[in-house]
file start24.cif (mmCIF, C-alpha atoms)
data_structure
loop_
_atom_site.label_atom_id
_atom_site.label_comp_id
_atom_site.auth_asym_id
_atom_site.auth_seq_id
_atom_site.Cartn_x
_atom_site.Cartn_y
_atom_site.Cartn_z
CA MET A 1 245.91 227.76 33.36
CA ARG A 2 249.47 228.30 34.18
CA LEU A 3 250.44 230.79 36.87
CA PRO A 4 253.01 233.39 36.03
CA ALA A 5 256.54 232.38 36.90
CA GLU A 6 256.75 235.16 39.47
CA GLU A 7 253.68 233.87 41.36
CA VAL A 8 254.98 230.29 41.21
CA SER A 9 258.23 231.47 42.74
CA LEU A 10 256.36 233.31 45.48
CA LEU A 11 254.21 230.24 46.27
CA LYS A 12 257.25 227.99 46.28
CA ASP A 13 259.04 230.36 48.62
CA ALA A 14 255.95 230.54 50.88
CA PHE A 15 255.69 226.72 51.06
CA GLU A 16 259.38 226.41 51.87
CA ARG A 17 259.06 228.96 54.66
CA PHE A 18 255.94 227.23 55.94
CA HIS A 19 257.82 223.93 55.95
CA GLU A 20 260.78 225.49 57.81
CA VAL A 21 258.44 227.03 60.41
CA GLY A 22 256.72 223.66 60.84
CA GLU A 23 260.03 221.92 61.41
CA ARG A 24 261.09 224.57 63.94
CA LEU A 25 257.74 224.25 65.73
CA GLU A 26 258.15 220.47 65.82
CA VAL A 27 261.64 220.79 67.33
CA LYS A 28 260.37 223.35 69.82
CA TYR A 29 257.46 221.08 70.72
CA GLU A 30 259.83 218.19 71.44
CA GLU A 31 262.03 220.48 73.55
CA LEU A 32 259.00 221.67 75.52
CA LYS A 33 257.91 218.05 76.06
CA ILE A 34 261.34 217.24 77.51
CA GLU A 35 261.31 220.34 79.69
CA ALA A 36 257.79 219.57 80.90
CA GLU A 37 258.82 216.00 81.80
CA GLN A 38 261.89 217.27 83.65
CA LEU A 39 259.73 219.79 85.47
CA ARG A 40 257.26 217.07 86.48
CA GLU A 41 260.13 214.93 87.78
CA THR A 42 261.56 217.90 89.72
CA ILE A 43 258.18 218.69 91.25
CA ALA A 44 257.69 215.02 92.19
CA ARG A 45 261.12 214.95 93.87
CA LYS A 46 260.39 218.18 95.74
CA GLU A 47 257.02 216.87 96.91
CA GLU A 48 258.70 213.67 98.08
CA GLU A 49 261.38 215.68 99.91
CA ILE A 50 258.74 217.87 101.58
CA ALA A 51 256.72 214.82 102.65
CA LYS A 52 259.88 213.18 103.97
CA SER A 53 260.86 216.34 105.86
CA GLU A 54 257.41 216.52 107.43
CA ARG A 55 257.60 212.87 108.48
CA MET A 56 261.09 213.37 109.90
CA ALA A 57 259.98 216.51 111.76
CA MET A 58 257.07 214.68 113.35
CA LEU A 59 259.26 211.69 114.17
CA GLY A 60 261.93 213.98 115.61
CA GLN A 61 259.40 215.80 117.81
CA THR A 62 258.00 212.50 119.11
CA ALA A 63 261.49 211.13 119.75
CA ALA A 64 262.53 214.33 121.55
CA ALA A 65 259.45 214.19 123.78
CA VAL A 66 260.21 210.57 124.70
CA ALA A 67 263.88 211.43 125.29
CA HIS A 68 262.95 214.22 127.71
CA GLU A 69 260.75 211.82 129.67
CA VAL A 70 263.53 209.22 129.81
CA ARG A 71 266.30 211.63 130.83
CA ASN A 72 265.05 212.40 134.36
CA PRO A 73 264.74 208.79 135.61
CA LEU A 74 267.96 207.96 133.77
CA GLY A 75 269.78 210.66 135.74
CA ALA A 76 268.46 209.21 138.99
CA MET A 77 269.60 205.73 137.96
CA LYS A 78 273.13 207.02 137.32
CA ILE A 79 273.27 208.54 140.80
CA PHE A 80 271.97 205.38 142.48
CA VAL A 81 274.39 203.14 140.57
CA SER A 82 277.28 205.43 141.47
CA MET A 83 276.32 205.18 145.16
CA LEU A 84 275.86 201.40 144.91
CA LYS A 85 279.26 201.00 143.27
CA ARG A 86 280.99 202.38 146.38
CA GLN A 87 279.23 199.96 148.72
CA VAL A 88 279.40 196.55 147.01
CA SER A 89 282.15 193.94 147.01
CA SER A 90 284.71 193.64 144.20
CA GLU A 91 282.83 190.71 142.66
CA SER A 92 279.49 192.53 142.68
CA LYS A 93 281.19 195.68 141.39
CA LYS A 94 281.59 194.04 137.96
CA LEU A 95 277.82 193.62 137.75
CA VAL A 96 277.29 197.22 138.80
CA GLU A 97 279.79 198.39 136.18
CA ALA A 98 277.87 196.41 133.54
CA ILE A 99 274.68 198.17 134.62
CA GLU A 100 276.53 201.48 134.54
CA ALA A 101 277.74 200.81 130.99
CA SER A 102 274.18 200.02 129.88
CA ILE A 103 272.93 203.26 131.43
CA GLU A 104 275.67 205.20 129.64
CA SER A 105 274.61 203.56 126.37
CA ILE A 106 270.98 204.60 126.90
CA ASP A 107 272.10 208.08 127.91
CA SER A 108 274.11 208.35 124.68
CA VAL A 109 271.01 207.45 122.64
CA VAL A 110 268.91 210.02 124.53
CA THR A 111 271.58 212.69 124.03
CA ASN A 112 271.75 211.96 120.29
CA ILE A 113 267.98 212.27 119.95
CA LEU A 114 267.89 215.58 121.81
CA VAL A 115 270.87 216.95 119.88
CA PHE A 116 269.36 216.02 116.52
CA SER A 117 265.90 217.39 117.36
CA LYS A 118 267.23 220.81 118.40
CA ASP A 119 267.58 223.46 115.72
CA ARG A 120 269.87 226.09 117.19
CA PRO A 121 272.28 228.50 115.51
CA VAL A 122 275.88 227.31 115.56
CA VAL A 123 277.98 229.31 118.02
CA ARG A 124 281.44 229.47 116.49
CA GLY A 125 284.89 230.03 117.89
CA PRO A 126 288.48 228.86 117.38
CA VAL A 127 288.79 225.06 117.59
CA ASP A 128 291.97 222.98 117.31
CA LEU A 129 291.01 219.72 115.59
CA VAL A 130 294.31 218.11 116.65
CA VAL A 131 293.50 218.69 120.33
CA LEU A 132 289.98 217.28 119.85
CA CYS A 133 291.20 214.16 118.03
CA LYS A 134 293.87 213.42 120.64
CA GLU A 135 291.43 214.04 123.49
CA ARG A 136 288.79 211.70 122.08
CA ALA A 137 291.37 209.05 121.17
CA GLY A 138 292.76 209.09 124.72
CA TYR A 139 289.31 208.75 126.24
CA PHE A 140 288.21 205.81 124.07
CA ARG A 141 291.55 204.02 124.43
CA SER A 142 291.10 203.85 128.19
CA ALA A 143 287.31 203.42 128.26
CA HIS A 144 287.00 200.73 125.57
CA ASN A 145 290.49 199.19 125.33
CA VAL A 146 290.74 199.87 121.61
CA SER A 147 293.90 200.65 119.61
CA ILE A 148 293.74 204.16 118.12
CA THR A 149 296.64 205.62 116.12
CA ILE A 150 296.81 209.29 115.20
CA ASP A 151 298.72 211.07 112.46
CA THR A 152 298.31 214.86 112.60
CA PRO A 153 300.32 218.05 112.20
CA ASP A 154 301.05 220.17 115.29
CA ALA A 155 297.78 222.07 115.00
CA VAL A 156 294.81 222.51 112.66
CA ARG A 157 292.63 225.36 113.89
CA ILE A 158 289.23 226.07 112.37
CA VAL A 159 286.33 228.35 113.18
CA GLY A 160 283.59 226.09 114.50
CA ASN A 161 281.61 224.75 117.45
CA GLU A 162 283.90 222.74 119.71
CA GLU A 163 281.21 220.70 121.47
CA ALA A 164 279.46 219.75 118.21
CA LEU A 165 282.76 218.67 116.62
CA ARG A 166 283.73 216.72 119.76
CA ARG A 167 280.42 214.86 119.57
CA ALA A 168 280.90 214.16 115.84
CA ILE A 169 284.35 212.64 116.36
CA SER A 170 283.04 210.62 119.31
CA ASN A 171 280.14 209.26 117.25
CA LEU A 172 282.50 208.10 114.50
CA ILE A 173 284.74 206.29 117.00
CA ILE A 174 281.71 204.77 118.77
CA ASN A 175 280.38 203.52 115.41
CA ALA A 176 283.70 201.81 114.71
CA ILE A 177 283.79 200.18 118.17
CA GLN A 178 280.17 199.01 117.91
CA ALA A 179 280.96 197.50 114.50
CA GLY A 180 283.62 195.34 116.13
CA ALA A 181 286.73 197.28 115.11
CA THR A 182 289.79 196.74 117.31
CA GLU A 183 291.98 199.24 115.47
CA ILE A 184 291.14 202.81 114.45
CA ASP A 185 293.35 205.17 112.45
CA ILE A 186 292.82 208.94 112.60
CA ASN A 187 294.58 211.04 109.97
CA LEU A 188 294.33 214.83 109.83
CA THR A 189 296.08 217.13 107.35
CA LYS A 190 296.88 220.84 107.42
CA THR A 191 294.28 221.39 104.71
CA GLY A 192 291.50 220.27 107.07
CA LYS A 193 291.01 216.76 105.70
CA LEU A 194 290.05 214.32 108.46
CA VAL A 195 290.01 210.57 107.73
CA ILE A 196 288.85 208.05 110.33
CA LYS A 197 289.37 204.44 109.26
CA ASP A 198 288.71 201.26 111.23
CA SER A 199 289.44 197.53 110.99
CA GLY A 200 285.79 196.50 111.17
CA PRO A 201 283.60 194.86 108.51
CA GLY A 202 282.87 198.16 106.74
CA PHE A 203 279.59 199.82 105.84
CA LYS A 204 276.73 197.67 104.63
CA GLY A 205 274.43 198.55 101.76
CA GLU A 206 274.90 199.70 98.18
CA LYS A 207 273.97 203.36 98.73
CA LEU A 208 276.29 204.42 101.54
CA GLU A 209 275.03 208.03 101.46
CA THR A 210 271.65 206.88 102.85
CA LEU A 211 273.42 205.96 106.10
CA LEU A 212 273.90 209.70 106.68
CA GLU A 213 270.14 210.21 106.83
CA PRO A 214 268.39 210.18 110.23
CA PHE A 215 266.90 206.93 111.55
CA VAL A 216 268.68 204.85 108.88
CA THR A 217 270.82 202.07 110.36
CA THR A 218 272.08 198.59 109.52
CA LYS A 219 272.52 197.69 113.20
CA PRO A 220 269.80 195.58 114.88
CA SER A 221 269.81 197.85 117.95
CA GLY A 222 270.89 201.13 116.34
CA THR A 223 268.90 204.36 116.28
CA GLY A 224 270.38 205.65 113.02
CA LEU A 225 271.32 209.01 114.56
CA GLY A 226 275.08 208.74 115.06
CA LEU A 227 276.10 209.35 111.45
CA ALA A 228 273.13 211.68 110.90
CA ILE A 229 274.41 213.95 113.67
CA VAL A 230 277.93 213.83 112.21
CA ASN A 231 276.52 214.75 108.79
CA LYS A 232 274.46 217.60 110.28
CA THR A 233 277.50 218.93 112.15
CA ILE A 234 279.74 218.85 109.07
CA GLN A 235 277.06 220.60 106.98
CA GLU A 236 276.76 223.28 109.67
CA HIS A 237 280.51 223.80 109.31
CA GLU A 238 280.18 223.99 105.50
CA GLY A 239 282.28 220.87 105.05
CA THR A 240 281.77 217.62 103.14
CA ILE A 241 281.59 214.03 104.34
CA GLU A 242 282.00 210.78 102.40
CA LEU A 243 281.58 207.17 103.51
CA ARG A 244 283.82 204.53 101.95
CA ASN A 245 284.66 200.85 102.30
CA ASN A 246 288.42 200.41 102.35
CA ASN A 247 289.32 197.16 104.15
CA GLY A 248 286.97 198.44 106.82
CA ALA A 249 284.86 201.55 107.22
CA GLU A 250 286.42 204.86 106.22
CA VAL A 251 284.93 208.31 106.80
CA VAL A 252 286.45 211.23 104.91
CA ILE A 253 285.63 214.74 106.13
CA GLN A 254 286.88 217.86 104.38
CA PHE A 255 286.54 221.18 106.15
CA GLN A 256 286.51 224.32 104.04
CA ALA A 257 289.86 226.03 103.64
CA LYS A 258 288.32 229.41 104.51
CA GLU A 259 287.39 228.04 107.95
CA ILE A 260 291.01 227.10 108.76
CA VAL A 261 292.81 229.79 110.76
#

call {"tool": "encode", "arguments": {"input": "start24.cif", "output": "structure tokens"}}
result
Amino acid sequence: MRLPAEEVSLLKDAFERFHEVGERLEVKYEELKIEAEQLRETIARKEEEIAKSERMAMLGQTAAAVAHEVRNPLGAMKIFVSMLKRQVSSESKKLVEAIEASIESIDSVVTNILVFSKDRPVVRGPVDLVVLCKERAGYFRSAHNVSITIDTPDAVRIVGNEEALRRAISNLIINAIQAGATEIDINLTKTGKLVIKDSGPGFKGEKLETLLEPFVTTKPSGTGLGLAIVNKTIQEHEGTIELRNNNGAEVVIQFQAKEIV
């Protein structure tokens, strides 16, 4: 028995709509599968980040506790060495100065650990980056006999924490010296772009950004906190930092224009 033409048309139309709905559902299903997979990957990354943060927090607390215990006897050693330095002969004084340099190196490590483990609000004020760069360059020229050239405008003033920025610049210069660099170039522009480049072997590793994470180092005796503290300081000042290899190590820091006064 043949169906009336009108009913055939209705059935045909119904099947076509059913087919269209099925196709749309299939497309939607595939989209949901992709979204679900992306969500799973996001959750996995977040869980990994949380686990890493917890490990770092525990490691930081342990390191800070050890640093506090080391600081007191280290302070006493500095006093004793200073007293000894005034009483020994010129030949023995070289040995005392070597001991003094080693104590300063340990003290720097302890300071970095304590600075990184503290979570304090950033106290801001006017800071002239030109003054800081020239001050740090002058100190390291005389203390480490390294060639440091500076190219800056007359002044670049930002709103920031002077001590934290001083420590960040110092850490970058220390990294260059420890890497064997004999020449360091510091370039600062009016727009707040600071570039510190050295003549050393450059950064090691394929993923340079990992060197900005705490306790990551390519040095046999490094703590992996120098660049991490610099990174933390720049983030606190809402700036950006990039590590490059350019015939040596090159660190590019860009402070936000709104912070420049």

call {"tool": "atom_distance", "arguments": {"input": "start24.cif", "atom1": "CA of Met77 in chain A", "atom2": "CA of Lys93 in chain A"}}
result
15.7 Å

call {"tool": "axis_aligned_box", "arguments": {"input": "start24.cif", "around": "range 161-169 of chain A", "padding_each_side": "4 Å", "output": "lines of an AutoDock Vina configuration file"}}
result
center_x = 281.9
center_y = 218.7
center_z = 118.7
size_x = 12.9
size_y = 20.1
size_z = 13.6

call {"tool": "closest_residue", "arguments": {"input": "start24.cif", "among": "A:Lys193, A:Lys207, A:Lys232, A:Lys78", "to": "Gln254 in chain A", "atoms": "only C-alpha atoms"}}
result
A:Lys193

call {"tool": "residues_around", "arguments": {"input": "start24.cif", "residues": "Val70 in chain A", "least_positions_apart": "2", "cutoff": "12 Å", "atoms": "only C-alpha atoms", "output": "count of residues only"}}
result
21

call {"tool": "closest_atom_pairs", "arguments": {"input": "start24.cif", "of": "range 54-144 of chain A", "to": "range 163-182 of chain A", "cutoff": "12 Å", "atoms": "only C-alpha atoms", "output": "CSV"}}
result
residue,atom,partner,partner_atom,distance
A:Ser105,CA,A:Ile174,CA,10.5
A:Ser108,CA,A:Asn171,CA,9.6
A:Val109,CA,A:Asn171,CA,10.8
A:Thr111,CA,A:Arg167,CA,10.1
A:Asn112,CA,A:Arg167,CA,9.2
A:Val115,CA,A:Ala164,CA,9.2
A:Phe116,CA,A:Ala164,CA,10.9
A:Arg120,CA,A:Ala164,CA,11.5
A:Pro121,CA,A:Ala164,CA,11.6
A:Val122,CA,A:Ala164,CA,8.8
A:Val123,CA,A:Ala164,CA,9.7
A:Arg124,CA,A:Ala164,CA,10.1
A:Gly125,CA,A:Glu163,CA,10.6
A:Pro126,CA,A:Glu163,CA,11.7
A:Val127,CA,A:Leu165,CA,8.8
A:Asp128,CA,A:Leu165,CA,10.2
A:Leu129,CA,A:Leu165,CA,8.4
A:Val130,CA,A:Arg166,CA,11.1
A:Val131,CA,A:Arg166,CA,10.0
A:Leu132,CA,A:Arg166,CA,6.3
A:Cys133,CA,A:Ile169,CA,7.2
A:Lys134,CA,A:Ile169,CA,10.5
A:Glu135,CA,A:Arg166,CA,9.0
A:Arg136,CA,A:Ser170,CA,6.5
A:Ala137,CA,A:Ile173,CA,8.3
A:Gly138,CA,A:Ser170,CA,11.2
A:Tyr139,CA,A:Ser170,CA,9.5
A:Phe140,CA,A:Ile173,CA,7.9
A:Arg141,CA,A:Ile173,CA,10.3
A:Ala143,CA,A:Ile174,CA,11.1
A:His144,CA,A:Ile177,CA,8.1

call {"tool": "decode", "arguments": {"input": "start24.cif", "residues": "range 166-196 of chain A", "atoms": "N, CA and C atoms", "output": "PDB file, in the first residue's frame"}}
result
ATOM      1  N   ARG A 166      68.387  46.674  44.152  1.00  0.00           N
ATOM      2  CA  ARG A 166      69.846  46.633  44.317  1.00  0.00           C
ATOM      3  C   ARG A 166      70.333  45.182  44.376  1.00  0.00           C
ATOM      4  N   ARG A 167      69.611  44.355  45.117  1.00  0.00           N
ATOM      5  CA  ARG A 167      69.982  42.947  45.247  1.00  0.00           C
ATOM      6  C   ARG A 167      69.844  42.228  43.905  1.00  0.00           C
ATOM      7  N   ALA A 168      68.804  42.568  43.136  1.00  0.00           N
ATOM      8  CA  ALA A 168      68.589  41.923  41.832  1.00  0.00           C
ATOM      9  C   ALA A 168      69.730  42.246  40.874  1.00  0.00           C
ATOM     10  N   ILE A 169      70.126  43.513  40.812  1.00  0.00           N
ATOM     11  CA  ILE A 169      71.225  43.910  39.929  1.00  0.00           C
ATOM     12  C   ILE A 169      72.524  43.241  40.380  1.00  0.00           C
ATOM     13  N   SER A 170      72.739  43.194  41.698  1.00  0.00           N
ATOM     14  CA  SER A 170      73.939  42.539  42.233  1.00  0.00           C
ATOM     15  C   SER A 170      73.979  41.066  41.848  1.00  0.00           C
ATOM     16  N   ASN A 171      72.854  40.377  41.975  1.00  0.00           N
ATOM     17  CA  ASN A 171      72.805  38.955  41.648  1.00  0.00           C
ATOM     18  C   ASN A 171      73.142  38.703  40.178  1.00  0.00           C
ATOM     19  N   LEU A 172      72.671  39.578  39.301  1.00  0.00           N
ATOM     20  CA  LEU A 172      72.958  39.408  37.872  1.00  0.00           C
ATOM     21  C   LEU A 172      74.448  39.605  37.585  1.00  0.00           C
ATOM     22  N   ILE A 173      75.060  40.587  38.250  1.00  0.00           N
ATOM     23  CA  ILE A 173      76.494  40.814  38.048  1.00  0.00           C
ATOM     24  C   ILE A 173      77.303  39.664  38.649  1.00  0.00           C
ATOM     25  N   ILE A 174      76.896  39.195  39.831  1.00  0.00           N
ATOM     26  CA  ILE A 174      77.577  38.067  40.477  1.00  0.00           C
ATOM     27  C   ILE A 174      77.498  36.827  39.596  1.00  0.00           C
ATOM     28  N   ASN A 175      76.330  36.573  39.004  1.00  0.00           N
ATOM     29  CA  ASN A 175      76.174  35.417  38.105  1.00  0.00           C
ATOM     30  C   ASN A 175      77.168  35.486  36.955  1.00  0.00           C
ATOM     31  N   ALA A 176      77.301  36.687  36.383  1.00  0.00           N
ATOM     32  CA  ALA A 176      78.221  36.862  35.256  1.00  0.00           C
ATOM     33  C   ALA A 176      79.661  36.606  35.688  1.00  0.00           C
ATOM     34  N   ILE A 177      80.046  37.129  36.847  1.00  0.00           N
ATOM     35  CA  ILE A 177      81.414  36.950  37.349  1.00  0.00           C
ATOM     36  C   ILE A 177      81.683  35.479  37.643  1.00  0.00           C
ATOM     37  N   GLN A 178      80.720  34.810  38.292  1.00  0.00           N
ATOM     38  CA  GLN A 178      80.889  33.390  38.616  1.00  0.00           C
ATOM     39  C   GLN A 178      80.954  32.517  37.366  1.00  0.00           C
ATOM     40  N   ALA A 179      80.351  32.990  36.283  1.00  0.00           N
ATOM     41  CA  ALA A 179      80.391  32.238  35.028  1.00  0.00           C
ATOM     42  C   ALA A 179      81.706  32.439  34.279  1.00  0.00           C
ATOM     43  N   GLY A 180      82.552  33.326  34.796  1.00  0.00           N
ATOM     44  CA  GLY A 180      83.852  33.541  34.175  1.00  0.00           C
ATOM     45  C   GLY A 180      83.922  34.754  33.268  1.00  0.00           C
ATOM     46  N   ALA A 181      82.903  35.603  33.295  1.00  0.00           N
ATOM     47  CA  ALA A 181      82.907  36.794  32.440  1.00  0.00           C
ATOM     48  C   ALA A 181      83.926  37.811  32.949  1.00  0.00           C
ATOM     49  N   THR A 182      84.656  38.418  32.031  1.00  0.00           N
ATOM     50  CA  THR A 182      85.610  39.474  32.390  1.00  0.00           C
ATOM     51  C   THR A 182      85.093  40.846  31.960  1.00  0.00           C
ATOM     52  N   GLU A 183      84.056  40.843  31.135  1.00  0.00           N
ATOM     53  CA  GLU A 183      83.460  42.100  30.679  1.00  0.00           C
ATOM     54  C   GLU A 183      81.942  42.024  30.825  1.00  0.00           C
ATOM     55  N   ILE A 184      81.367  43.091  31.345  1.00  0.00           N
ATOM     56  CA  ILE A 184      79.912  43.168  31.540  1.00  0.00           C
ATOM     57  C   ILE A 184      79.431  44.502  31.003  1.00  0.00           C
ATOM     58  N   ASP A 185      78.390  44.471  30.191  1.00  0.00           N
ATOM     59  CA  ASP A 185      77.782  45.691  29.648  1.00  0.00           C
ATOM     60  C   ASP A 185      76.401  45.887  30.254  1.00  0.00           C
ATOM     61  N   ILE A 186      76.158  47.088  30.760  1.00  0.00           N
ATOM     62  CA  ILE A 186      74.851  47.435  31.324  1.00  0.00           C
ATOM     63  C   ILE A 186      74.250  48.549  30.484  1.00  0.00           C
ATOM     64  N   ASN A 187      73.084  48.286  29.916  1.00  0.00           N
ATOM     65  CA  ASN A 187      72.409  49.276  29.080  1.00  0.00           C
ATOM     66  C   ASN A 187      71.013  49.537  29.633  1.00  0.00           C
ATOM     67  N   LEU A 188      70.704  50.797  29.859  1.00  0.00           N
ATOM     68  CA  LEU A 188      69.401  51.184  30.407  1.00  0.00           C
ATOM     69  C   LEU A 188      68.817  52.302  29.553  1.00  0.00           C
ATOM     70  N   THR A 189      67.542  52.152  29.175  1.00  0.00           N
ATOM     71  CA  THR A 189      66.887  53.172  28.350  1.00  0.00           C
ATOM     72  C   THR A 189      65.864  53.960  29.160  1.00  0.00           C
ATOM     73  N   LYS A 190      65.421  55.077  28.598  1.00  0.00           N
ATOM     74  CA  LYS A 190      64.415  55.908  29.265  1.00  0.00           C
ATOM     75  C   LYS A 190      63.088  55.195  29.432  1.00  0.00           C
ATOM     76  N   THR A 191      62.847  54.183  28.601  1.00  0.00           N
ATOM     77  CA  THR A 191      61.580  53.449  28.673  1.00  0.00           C
ATOM     78  C   THR A 191      61.598  52.366  29.751  1.00  0.00           C
ATOM     79  N   GLY A 192      62.714  52.266  30.501  1.00  0.00           N
ATOM     80  CA  GLY A 192      62.777  51.286  31.574  1.00  0.00           C
ATOM     81  C   GLY A 192      63.231  49.913  31.137  1.00  0.00           C
ATOM     82  N   LYS A 193      63.944  49.834  30.013  1.00  0.00           N
ATOM     83  CA  LYS A 193      64.477  48.555  29.548  1.00  0.00           C
ATOM     84  C   LYS A 193      65.922  48.434  30.024  1.00  0.00           C
ATOM     85  N   LEU A 194      66.191  47.412  30.818  1.00  0.00           N
ATOM     86  CA  LEU A 194      67.527  47.180  31.369  1.00  0.00           C
ATOM     87  C   LEU A 194      68.094  45.896  30.766  1.00  0.00           C
ATOM     88  N   VAL A 195      69.260  46.004  30.141  1.00  0.00           N
ATOM     89  CA  VAL A 195      69.922  44.841  29.532  1.00  0.00           C
ATOM     90  C   VAL A 195      71.303  44.695  30.166  1.00  0.00           C
ATOM     91  N   ILE A 196      71.558  43.525  30.732  1.00  0.00           N
ATOM     92  CA  ILE A 196      72.869  43.221  31.301  1.00  0.00           C
ATOM     93  C   ILE A 196      73.450  42.045  30.524  1.00  0.00           C
TER      94      ILE A 196
END
